[in-house]
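Have a look at coords26.cif; it's mmCIF, N, CA and C atoms:
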data_model
#
loop_
_atom_site.group_PDB
_atom_site.id
_atom_site.type_symbol
_atom_site.label_atom_id
_atom_site.label_comp_id
_atom_site.auth_asym_id
_atom_site.auth_seq_id
_atom_site.Cartn_x
_atom_site.Cartn_y
_atom_site.Cartn_z
ATOM 1 N N MET A 1 0.513 6.896 -12.087
ATOM 2 C CA MET A 1 1.782 7.062 -11.424
ATOM 3 C C MET A 1 1.612 6.793 -9.931
ATOM 4 N N GLU A 2 2.578 6.060 -9.389
ATOM 5 C CA GLU A 2 2.485 5.671 -7.986
ATOM 6 C C GLU A 2 2.804 6.844 -7.063
ATOM 7 N N GLU A 3 2.101 6.872 -5.963
ATOM 8 C CA GLU A 3 2.283 7.919 -4.959
ATOM 9 C C GLU A 3 3.678 7.817 -4.333
ATOM 10 N N THR A 4 4.333 8.949 -4.141
ATOM 11 C CA THR A 4 5.621 8.962 -3.458
ATOM 12 C C THR A 4 5.419 9.397 -2.009
ATOM 13 N N ILE A 5 6.284 8.873 -1.158
ATOM 14 C CA ILE A 5 6.202 9.202 0.263
ATOM 15 C C ILE A 5 7.591 9.596 0.760
ATOM 16 N N PRO A 6 7.662 10.437 1.784
ATOM 17 C CA PRO A 6 8.960 10.758 2.370
ATOM 18 C C PRO A 6 9.377 9.641 3.338
ATOM 19 N N VAL A 7 10.632 9.243 3.251
ATOM 20 C CA VAL A 7 11.146 8.190 4.114
ATOM 21 C C VAL A 7 12.521 8.633 4.621
ATOM 22 N N THR A 8 12.791 8.331 5.871
ATOM 23 C CA THR A 8 14.103 8.600 6.447
ATOM 24 C C THR A 8 14.704 7.275 6.885
ATOM 25 N N VAL A 9 15.926 7.010 6.407
ATOM 26 C CA VAL A 9 16.652 5.807 6.822
ATOM 27 C C VAL A 9 17.965 6.246 7.442
ATOM 28 N N SER A 10 18.539 5.362 8.246
ATOM 29 C CA SER A 10 19.788 5.674 8.928
ATOM 30 C C SER A 10 20.843 4.640 8.549
ATOM 31 N N VAL A 11 22.029 5.139 8.187
ATOM 32 C CA VAL A 11 23.172 4.278 7.904
ATOM 33 C C VAL A 11 24.359 4.851 8.668
ATOM 34 N N LEU A 12 24.928 4.020 9.528
ATOM 35 C CA LEU A 12 26.062 4.427 10.369
ATOM 36 C C LEU A 12 25.779 5.727 11.133
ATOM 37 N N GLY A 13 24.561 5.825 11.648
ATOM 38 C CA GLY A 13 24.190 6.967 12.463
ATOM 39 C C GLY A 13 23.836 8.225 11.699
ATOM 40 N N ARG A 14 23.921 8.167 10.390
ATOM 41 C CA ARG A 14 23.591 9.344 9.580
ATOM 42 C C ARG A 14 22.224 9.128 8.930
ATOM 43 N N LYS A 15 21.393 10.127 9.023
ATOM 44 C CA LYS A 15 20.025 10.025 8.482
ATOM 45 C C LYS A 15 19.985 10.501 7.036
ATOM 46 N N TYR A 16 19.231 9.766 6.231
ATOM 47 C CA TYR A 16 19.034 10.107 4.818
ATOM 48 C C TYR A 16 17.541 10.210 4.562
ATOM 49 N N LYS A 17 17.125 11.385 4.094
ATOM 50 C CA LYS A 17 15.715 11.622 3.781
ATOM 51 C C LYS A 17 15.534 11.461 2.278
ATOM 52 N N LEU A 18 14.575 10.634 1.917
ATOM 53 C CA LEU A 18 14.312 10.335 0.507
ATOM 54 C C LEU A 18 12.829 10.415 0.223
ATOM 55 N N LYS A 19 12.490 10.616 -1.033
ATOM 56 C CA LYS A 19 11.112 10.487 -1.498
ATOM 57 C C LYS A 19 11.099 9.308 -2.446
ATOM 58 N N ILE A 20 10.306 8.309 -2.114
ATOM 59 C CA ILE A 20 10.286 7.088 -2.915
ATOM 60 C C ILE A 20 8.846 6.642 -3.159
ATOM 61 N N ALA A 21 8.692 5.731 -4.106
ATOM 62 C CA ALA A 21 7.376 5.130 -4.336
ATOM 63 C C ALA A 21 7.011 4.318 -3.096
ATOM 64 N N LYS A 22 5.773 4.398 -2.714
ATOM 65 C CA LYS A 22 5.298 3.713 -1.510
ATOM 66 C C LYS A 22 5.629 2.222 -1.547
ATOM 67 N N SER A 23 5.554 1.608 -2.712
ATOM 68 C CA SER A 23 5.805 0.171 -2.844
ATOM 69 C C SER A 23 7.272 -0.194 -2.595
ATOM 70 N N GLN A 24 8.174 0.778 -2.598
ATOM 71 C CA GLN A 24 9.599 0.517 -2.402
ATOM 72 C C GLN A 24 10.054 0.696 -0.961
ATOM 73 N N GLU A 25 9.166 1.134 -0.100
ATOM 74 C CA GLU A 25 9.571 1.475 1.264
ATOM 75 C C GLU A 25 10.196 0.294 2.007
ATOM 76 N N GLU A 26 9.559 -0.847 1.995
ATOM 77 C CA GLU A 26 10.083 -1.998 2.740
ATOM 78 C C GLU A 26 11.455 -2.420 2.218
ATOM 79 N N ALA A 27 11.606 -2.472 0.902
ATOM 80 C CA ALA A 27 12.896 -2.862 0.315
ATOM 81 C C ALA A 27 13.980 -1.850 0.669
ATOM 82 N N LEU A 28 13.656 -0.578 0.651
ATOM 83 C CA LEU A 28 14.631 0.463 0.995
ATOM 84 C C LEU A 28 15.065 0.348 2.448
ATOM 85 N N ARG A 29 14.118 0.142 3.326
ATOM 86 C CA ARG A 29 14.454 0.018 4.755
ATOM 87 C C ARG A 29 15.339 -1.210 5.003
ATOM 88 N N LYS A 30 15.018 -2.314 4.349
ATOM 89 C CA LYS A 30 15.837 -3.518 4.489
ATOM 90 C C LYS A 30 17.243 -3.285 3.939
ATOM 91 N N ALA A 31 17.347 -2.597 2.808
ATOM 92 C CA ALA A 31 18.654 -2.312 2.210
ATOM 93 C C ALA A 31 19.480 -1.433 3.136
ATOM 94 N N ALA A 32 18.875 -0.411 3.694
ATOM 95 C CA ALA A 32 19.595 0.480 4.612
ATOM 96 C C ALA A 32 20.061 -0.289 5.842
ATOM 97 N N GLN A 33 19.221 -1.160 6.343
ATOM 98 C CA GLN A 33 19.576 -1.967 7.517
ATOM 99 C C GLN A 33 20.725 -2.927 7.190
ATOM 100 N N LEU A 34 20.699 -3.523 6.011
ATOM 101 C CA LEU A 34 21.762 -4.430 5.581
ATOM 102 C C LEU A 34 23.087 -3.682 5.432
ATOM 103 N N ILE A 35 23.048 -2.535 4.790
ATOM 104 C CA ILE A 35 24.263 -1.723 4.612
ATOM 105 C C ILE A 35 24.830 -1.331 5.973
ATOM 106 N N ASP A 36 23.963 -0.895 6.860
ATOM 107 C CA ASP A 36 24.395 -0.484 8.191
ATOM 108 C C ASP A 36 25.047 -1.646 8.938
ATOM 109 N N SER A 37 24.414 -2.811 8.928
ATOM 110 C CA SER A 37 24.967 -3.941 9.687
ATOM 111 C C SER A 37 26.270 -4.443 9.064
ATOM 112 N N GLN A 38 26.359 -4.463 7.730
ATOM 113 C CA GLN A 38 27.602 -4.889 7.087
ATOM 114 C C GLN A 38 28.732 -3.898 7.367
ATOM 115 N N ALA A 39 28.443 -2.621 7.304
ATOM 116 C CA ALA A 39 29.459 -1.606 7.577
ATOM 117 C C ALA A 39 29.950 -1.720 9.014
ATOM 118 N N ARG A 40 29.044 -1.927 9.936
ATOM 119 C CA ARG A 40 29.438 -2.084 11.343
ATOM 120 C C ARG A 40 30.284 -3.346 11.535
ATOM 121 N N LYS A 41 29.930 -4.408 10.819
ATOM 122 C CA LYS A 41 30.706 -5.651 10.895
ATOM 123 C C LYS A 41 32.135 -5.405 10.412
ATOM 124 N N TYR A 42 32.283 -4.699 9.301
ATOM 125 C CA TYR A 42 33.622 -4.362 8.811
ATOM 126 C C TYR A 42 34.366 -3.504 9.818
ATOM 127 N N GLY A 43 33.682 -2.563 10.411
ATOM 128 C CA GLY A 43 34.308 -1.710 11.412
ATOM 129 C C GLY A 43 34.819 -2.507 12.600
ATOM 130 N N ASP A 44 34.015 -3.483 13.048
ATOM 131 C CA ASP A 44 34.413 -4.312 14.183
ATOM 132 C C ASP A 44 35.554 -5.262 13.817
ATOM 133 N N ASN A 45 35.465 -5.887 12.640
ATOM 134 C CA ASN A 45 36.443 -6.909 12.242
ATOM 135 C C ASN A 45 37.788 -6.340 11.805
ATOM 136 N N TYR A 46 37.777 -5.158 11.211
ATOM 137 C CA TYR A 46 39.007 -4.623 10.627
ATOM 138 C C TYR A 46 39.450 -3.301 11.241
ATOM 139 N N SER A 47 38.801 -2.890 12.280
ATOM 140 C CA SER A 47 39.155 -1.662 13.007
ATOM 141 C C SER A 47 39.133 -0.401 12.140
ATOM 142 N N TYR A 48 38.308 -0.402 11.104
ATOM 143 C CA TYR A 48 38.115 0.822 10.331
ATOM 144 C C TYR A 48 37.217 1.749 11.138
ATOM 145 N N ARG A 49 37.488 3.011 11.084
ATOM 146 C CA ARG A 49 36.625 3.982 11.754
ATOM 147 C C ARG A 49 36.055 4.991 10.761
ATOM 148 N N ASP A 50 36.699 5.139 9.637
ATOM 149 C CA ASP A 50 36.235 6.088 8.632
ATOM 150 C C ASP A 50 35.008 5.488 7.926
ATOM 151 N N HIS A 51 33.892 6.171 8.027
ATOM 152 C CA HIS A 51 32.648 5.658 7.441
ATOM 153 C C HIS A 51 32.751 5.491 5.934
ATOM 154 N N GLN A 52 33.508 6.348 5.283
ATOM 155 C CA GLN A 52 33.672 6.233 3.840
ATOM 156 C C GLN A 52 34.350 4.900 3.491
ATOM 157 N N ASP A 53 35.363 4.520 4.260
ATOM 158 C CA ASP A 53 36.028 3.237 4.037
ATOM 159 C C ASP A 53 35.068 2.073 4.256
ATOM 160 N N LEU A 54 34.278 2.164 5.307
ATOM 161 C CA LEU A 54 33.313 1.103 5.607
ATOM 162 C C LEU A 54 32.285 0.966 4.492
ATOM 163 N N LEU A 55 31.772 2.096 4.026
ATOM 164 C CA LEU A 55 30.777 2.058 2.954
ATOM 165 C C LEU A 55 31.391 1.568 1.650
ATOM 166 N N ALA A 56 32.647 1.897 1.396
ATOM 167 C CA ALA A 56 33.325 1.391 0.200
ATOM 168 C C ALA A 56 33.461 -0.125 0.273
ATOM 169 N N MET A 57 33.778 -0.658 1.449
ATOM 170 C CA MET A 57 33.890 -2.110 1.613
ATOM 171 C C MET A 57 32.542 -2.788 1.367
ATOM 172 N N VAL A 58 31.473 -2.201 1.876
ATOM 173 C CA VAL A 58 30.131 -2.749 1.656
ATOM 174 C C VAL A 58 29.791 -2.693 0.170
ATOM 175 N N ALA A 59 30.094 -1.575 -0.481
ATOM 176 C CA ALA A 59 29.813 -1.439 -1.915
ATOM 177 C C ALA A 59 30.566 -2.497 -2.711
ATOM 178 N N LEU A 60 31.830 -2.730 -2.361
ATOM 179 C CA LEU A 60 32.608 -3.759 -3.048
ATOM 180 C C LEU A 60 32.007 -5.151 -2.851
ATOM 181 N N GLU A 61 31.630 -5.453 -1.619
ATOM 182 C CA GLU A 61 31.044 -6.760 -1.318
ATOM 183 C C GLU A 61 29.726 -6.956 -2.074
ATOM 184 N N GLN A 62 28.868 -5.944 -2.024
ATOM 185 C CA GLN A 62 27.565 -6.058 -2.670
ATOM 186 C C GLN A 62 27.684 -6.123 -4.195
ATOM 187 N N THR A 63 28.592 -5.351 -4.758
ATOM 188 C CA THR A 63 28.777 -5.351 -6.202
ATOM 189 C C THR A 63 29.363 -6.679 -6.671
ATOM 190 N N THR A 64 30.282 -7.233 -5.900
ATOM 191 C CA THR A 64 30.836 -8.546 -6.227
ATOM 192 C C THR A 64 29.737 -9.601 -6.230
ATOM 193 N N GLU A 65 28.893 -9.576 -5.219
ATOM 194 C CA GLU A 65 27.786 -10.533 -5.130
ATOM 195 C C GLU A 65 26.800 -10.340 -6.284
ATOM 196 N N LEU A 66 26.487 -9.105 -6.609
ATOM 197 C CA LEU A 66 25.591 -8.811 -7.722
ATOM 198 C C LEU A 66 26.158 -9.337 -9.036
ATOM 199 N N ASN A 67 27.454 -9.148 -9.251
ATOM 200 C CA ASN A 67 28.088 -9.640 -10.477
ATOM 201 C C ASN A 67 28.042 -11.161 -10.556
ATOM 202 N N LYS A 68 28.234 -11.845 -9.430
ATOM 203 C CA LYS A 68 28.126 -13.312 -9.403
ATOM 204 C C LYS A 68 26.713 -13.748 -9.791
ATOM 205 N N ILE A 69 25.734 -13.069 -9.241
ATOM 206 C CA ILE A 69 24.337 -13.407 -9.529
ATOM 207 C C ILE A 69 24.028 -13.174 -11.006
ATOM 208 N N ARG A 70 24.498 -12.061 -11.553
ATOM 209 C CA ARG A 70 24.271 -11.770 -12.975
ATOM 210 C C ARG A 70 24.890 -12.842 -13.866
ATOM 211 N N GLU A 71 26.118 -13.252 -13.564
ATOM 212 C CA GLU A 71 26.784 -14.286 -14.355
ATOM 213 C C GLU A 71 26.036 -15.600 -14.255
ATOM 214 N N ASN A 72 25.572 -15.919 -13.063
ATOM 215 C CA ASN A 72 24.811 -17.148 -12.851
ATOM 216 C C ASN A 72 23.507 -17.117 -13.643
ATOM 217 N N LEU A 73 22.843 -15.973 -13.654
ATOM 218 C CA LEU A 73 21.602 -15.843 -14.416
ATOM 219 C C LEU A 73 21.849 -15.971 -15.915
ATOM 220 N N LYS A 74 22.938 -15.375 -16.402
ATOM 221 C CA LYS A 74 23.284 -15.507 -17.824
ATOM 222 C C LYS A 74 23.455 -16.969 -18.184
ATOM 223 N N PHE A 75 24.175 -17.705 -17.338
ATOM 224 C CA PHE A 75 24.411 -19.114 -17.572
ATOM 225 C C PHE A 75 23.086 -19.875 -17.587
ATOM 226 N N LYS A 76 22.242 -19.626 -16.585
ATOM 227 C CA LYS A 76 20.954 -20.317 -16.496
ATOM 228 C C LYS A 76 20.042 -19.933 -17.647
ATOM 229 N N ASP A 77 20.062 -18.645 -18.056
ATOM 230 C CA ASP A 77 19.259 -18.217 -19.203
ATOM 231 C C ASP A 77 19.689 -18.956 -20.464
ATOM 232 N N GLY A 78 20.997 -19.080 -20.666
ATOM 233 C CA GLY A 78 21.516 -19.789 -21.834
ATOM 234 C C GLY A 78 21.098 -21.244 -21.819
ATOM 235 N N LYS A 79 21.190 -21.888 -20.654
ATOM 236 C CA LYS A 79 20.772 -23.289 -20.516
ATOM 237 C C LYS A 79 19.272 -23.425 -20.780
ATOM 238 N N LEU A 80 18.494 -22.466 -20.283
ATOM 239 C CA LEU A 80 17.047 -22.501 -20.477
ATOM 240 C C LEU A 80 16.696 -22.348 -21.953
ATOM 241 N N ILE A 81 17.359 -21.431 -22.640
ATOM 242 C CA ILE A 81 17.116 -21.231 -24.077
ATOM 243 C C ILE A 81 17.437 -22.507 -24.844
ATOM 244 N N ASP A 82 18.556 -23.151 -24.509
ATOM 245 C CA ASP A 82 18.927 -24.406 -25.159
ATOM 246 C C ASP A 82 17.871 -25.483 -24.921
ATOM 247 N N LYS A 83 17.382 -25.584 -23.698
ATOM 248 C CA LYS A 83 16.384 -26.603 -23.349
ATOM 249 C C LYS A 83 15.068 -26.329 -24.059
ATOM 250 N N ILE A 84 14.658 -25.071 -24.141
ATOM 251 C CA ILE A 84 13.414 -24.715 -24.838
ATOM 252 C C ILE A 84 13.540 -25.053 -26.323
ATOM 253 N N ALA A 85 14.695 -24.759 -26.913
ATOM 254 C CA ALA A 85 14.909 -25.097 -28.329
ATOM 255 C C ALA A 85 14.840 -26.608 -28.534
ATOM 256 N N GLU A 86 15.389 -27.358 -27.616
ATOM 257 C CA GLU A 86 15.353 -28.821 -27.682
ATOM 258 C C GLU A 86 13.911 -29.332 -27.604
ATOM 259 N N ILE A 87 13.122 -28.787 -26.679
ATOM 260 C CA ILE A 87 11.717 -29.177 -26.532
ATOM 261 C C ILE A 87 10.927 -28.773 -27.768
ATOM 262 N N ASP A 88 11.180 -27.563 -28.267
ATOM 263 C CA ASP A 88 10.511 -27.092 -29.481
ATOM 264 C C ASP A 88 10.797 -28.019 -30.651
ATOM 265 N N ASN A 89 12.036 -28.406 -30.785
ATOM 266 C CA ASN A 89 12.437 -29.312 -31.857
ATOM 267 C C ASN A 89 11.731 -30.662 -31.718
ATOM 268 N N ALA A 90 11.686 -31.198 -30.513
ATOM 269 C CA ALA A 90 11.016 -32.478 -30.266
ATOM 270 C C ALA A 90 9.528 -32.380 -30.586
ATOM 271 N N LEU A 91 8.898 -31.270 -30.196
ATOM 272 C CA LEU A 91 7.470 -31.081 -30.497
ATOM 273 C C LEU A 91 7.225 -30.974 -32.003
ATOM 274 N N GLU A 92 8.103 -30.233 -32.671
ATOM 275 C CA GLU A 92 7.984 -30.120 -34.137
ATOM 276 C C GLU A 92 8.070 -31.486 -34.791
ATOM 277 N N ASN A 93 9.033 -32.280 -34.374
ATOM 278 C CA ASN A 93 9.199 -33.624 -34.933
ATOM 279 C C ASN A 93 8.001 -34.505 -34.630
ATOM 280 N N TYR A 94 7.418 -34.356 -33.465
ATOM 281 C CA TYR A 94 6.262 -35.153 -33.079
ATOM 282 C C TYR A 94 5.010 -34.709 -33.829
ATOM 283 N N LEU A 95 4.783 -33.404 -33.923
ATOM 284 C CA LEU A 95 3.571 -32.877 -34.547
ATOM 285 C C LEU A 95 3.612 -32.932 -36.072
ATOM 286 N N HIS A 96 4.788 -32.817 -36.645
ATOM 287 C CA HIS A 96 4.933 -32.787 -38.106
ATOM 288 C C HIS A 96 6.054 -33.739 -38.554
ATOM 289 N N PRO A 97 5.883 -35.037 -38.326
ATOM 290 C CA PRO A 97 6.970 -35.950 -38.623
ATOM 291 C C PRO A 97 7.334 -36.020 -40.099
ATOM 292 N N THR A 98 6.392 -35.843 -40.983
ATOM 293 C CA THR A 98 6.691 -35.956 -42.424
ATOM 294 C C THR A 98 7.434 -34.735 -42.947
ATOM 295 N N GLN A 99 7.153 -33.559 -42.409
ATOM 296 C CA GLN A 99 7.835 -32.339 -42.860
ATOM 297 C C GLN A 99 9.313 -32.360 -42.490
ATOM 298 N N ASN A 100 9.619 -32.971 -41.386
ATOM 299 C CA ASN A 100 11.002 -32.943 -40.912
ATOM 300 C C ASN A 100 11.852 -34.067 -41.496
ATOM 301 N N SER A 101 11.237 -35.004 -42.203
ATOM 302 C CA SER A 101 12.012 -36.102 -42.774
ATOM 303 C C SER A 101 12.450 -35.815 -44.198
ATOM 304 N N LEU A 102 12.047 -34.690 -44.769
ATOM 305 C CA LEU A 102 12.414 -34.382 -46.165
ATOM 306 C C LEU A 102 13.823 -33.918 -46.288
#

Mind turning the file's structure into structure tokens?
Amino acid sequence: MEETIPVTVSVLGRKYKLKIAKSQEEALRKAAQLIDSQARKYGDNYSYRDHQDLLAMVALEQTTELNKIRENLKFKDGKLIDKIAEIDNALENYLHPTQNSL
């Protein structure tokens, strides 16, 4: 089991203390920094001051992007499966030409 470490990150001036796996520290810090900068951008662009509203906007943006990525991966996975089946079929025909002609 991986060692856990205490980490404190800040989002919109509020500190969050967490215990996480040591290997996740860099990703967590980057995520907190991204959330903070996106929330501040929304605050500047749309004059929101309520942090809950800002964080909701960031959550919506990030979830929308995640859903796009998931759909894209599904599409690519399907294309990859089709291509592998095509290659498998070609190899079968090449390696066993008499079995496939019956």

*Where in chain A does DSSP assign helix (DSSP H, G or I), given as number ranges by chain?*
A: 22-46, 51-95, 97-100

*For atom C of Gln62 (chain A) and atom C of Gln24 (chain A), quote the distance in Å rounded to one decimal.*
19.2 Å

*asked:* Translate the PyMOL selection byres (((chain A and resi 2-11 and name CA) around 12) and name CA) into a concrete residue list for this structure, as a VMD selection string.
replied: chain A and resid 1 12 to 40 51 to 52 54 to 55 58

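Our summary of the geometry notes that CA of Ala56 (chain A) is positioned 26.7 Å from CA of Lys74 (chain A).
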
*Tell me, which residues of region 14-58 of chain A carry DSSP strand (DSSP E or B), written as JSON, numbers by chain?*
{"A": [14, 15, 16, 17, 18, 19, 20, 21]}

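In this model, the gap between CA of Ile69 (chain A) and atom N of Lys83 (chain A) comes to 19.9 Å.
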
Padding of 5 Å on every side, edges along x, y and z, all listed atoms of region 49-65 of chain A included: what centre and edge lengths in Å, to one decimal, does that box have, as lines of an AutoDock Vina configuration file?
center_x = 32.1
center_y = -2.1
center_z = 2.5
size_x = 20.7
size_y = 26.9
size_z = 28.4

*Name the closest residue to Asn45 (chain A) among the candidates A:Tyr94, A:Ile81, A:Asn72, A:Met57; distances are taken between atoms, counting only C-alpha atoms.*
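Checking each candidate against Asn45 (chain A), we get A:Met57 as the closest.
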